[in-house]
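Novice: The structure follows.
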Amino acid sequence: MSKTTVSASNAPATEASHGDAIGHGNSPAAWTCVIVMLVGALVCAIAFVIASTPFFIGGAVVMVIGLLAGWAMRKAGYGVGGSKLKNAGH
């Protein structure tokens, strides 16, 4: 068996290059999801310190709500490249 190397010319065509913009999730849907989930994580952290199970569960529920809100906003067109975010020509 011989060892072979793959040259750059044999790389898959779908591979991203450094010049491609990948977005990084900079959209209202992503920001809403992250902010709501951070509030839920803060509630969970405080509840953990004061040993309150109901508040901890409430914080976890807020995190799930944040995830669902981000998903719903993305489906509504507020995600990266969404229909509600298209530039109107300015």
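In the structure tokens, each chain is lettered A, B, ... as it comes, each chain's residues begin at 1, and ligands are numbered from 1 in order of appearance.
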For range 24-32 of chain A, list every protein, DNA or RNA residue within 10 Å, evaluated using only C-alpha atoms, and leave out those in the same chain fewer than 4 positions away; present the list as a list in words.

Specialist: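 In the requested format, the answer is Val36, Met37, Leu38, Gly66, Leu67, Ala69, Gly70, Trp71, Ala72, Met73, Arg74, Lys75, Ala76, Gly77, Tyr78, Gly79, Val80, Gly81, Gly82 and Leu85 of chain A.
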
Novice: What separation in Å, quoted to one decimal, exists between CA of Gly40 in chain A and CA of Leu68 in chain A?

Specialist: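 One can read the CA of Gly40 in chain A to CA of Leu68 in chain A distance as 13.0 Å.
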
Novice: Give the answer as one residue: which of A:Val34, A:Lys84, A:Ile50, A:Ala45 has the shortest atom-to-atom distance to Met63 in chain A, using only C-alpha atoms?

Specialist: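 When distances to Met63 in chain A are compared using only C-alpha atoms, the smallest one comes from A:Val34.
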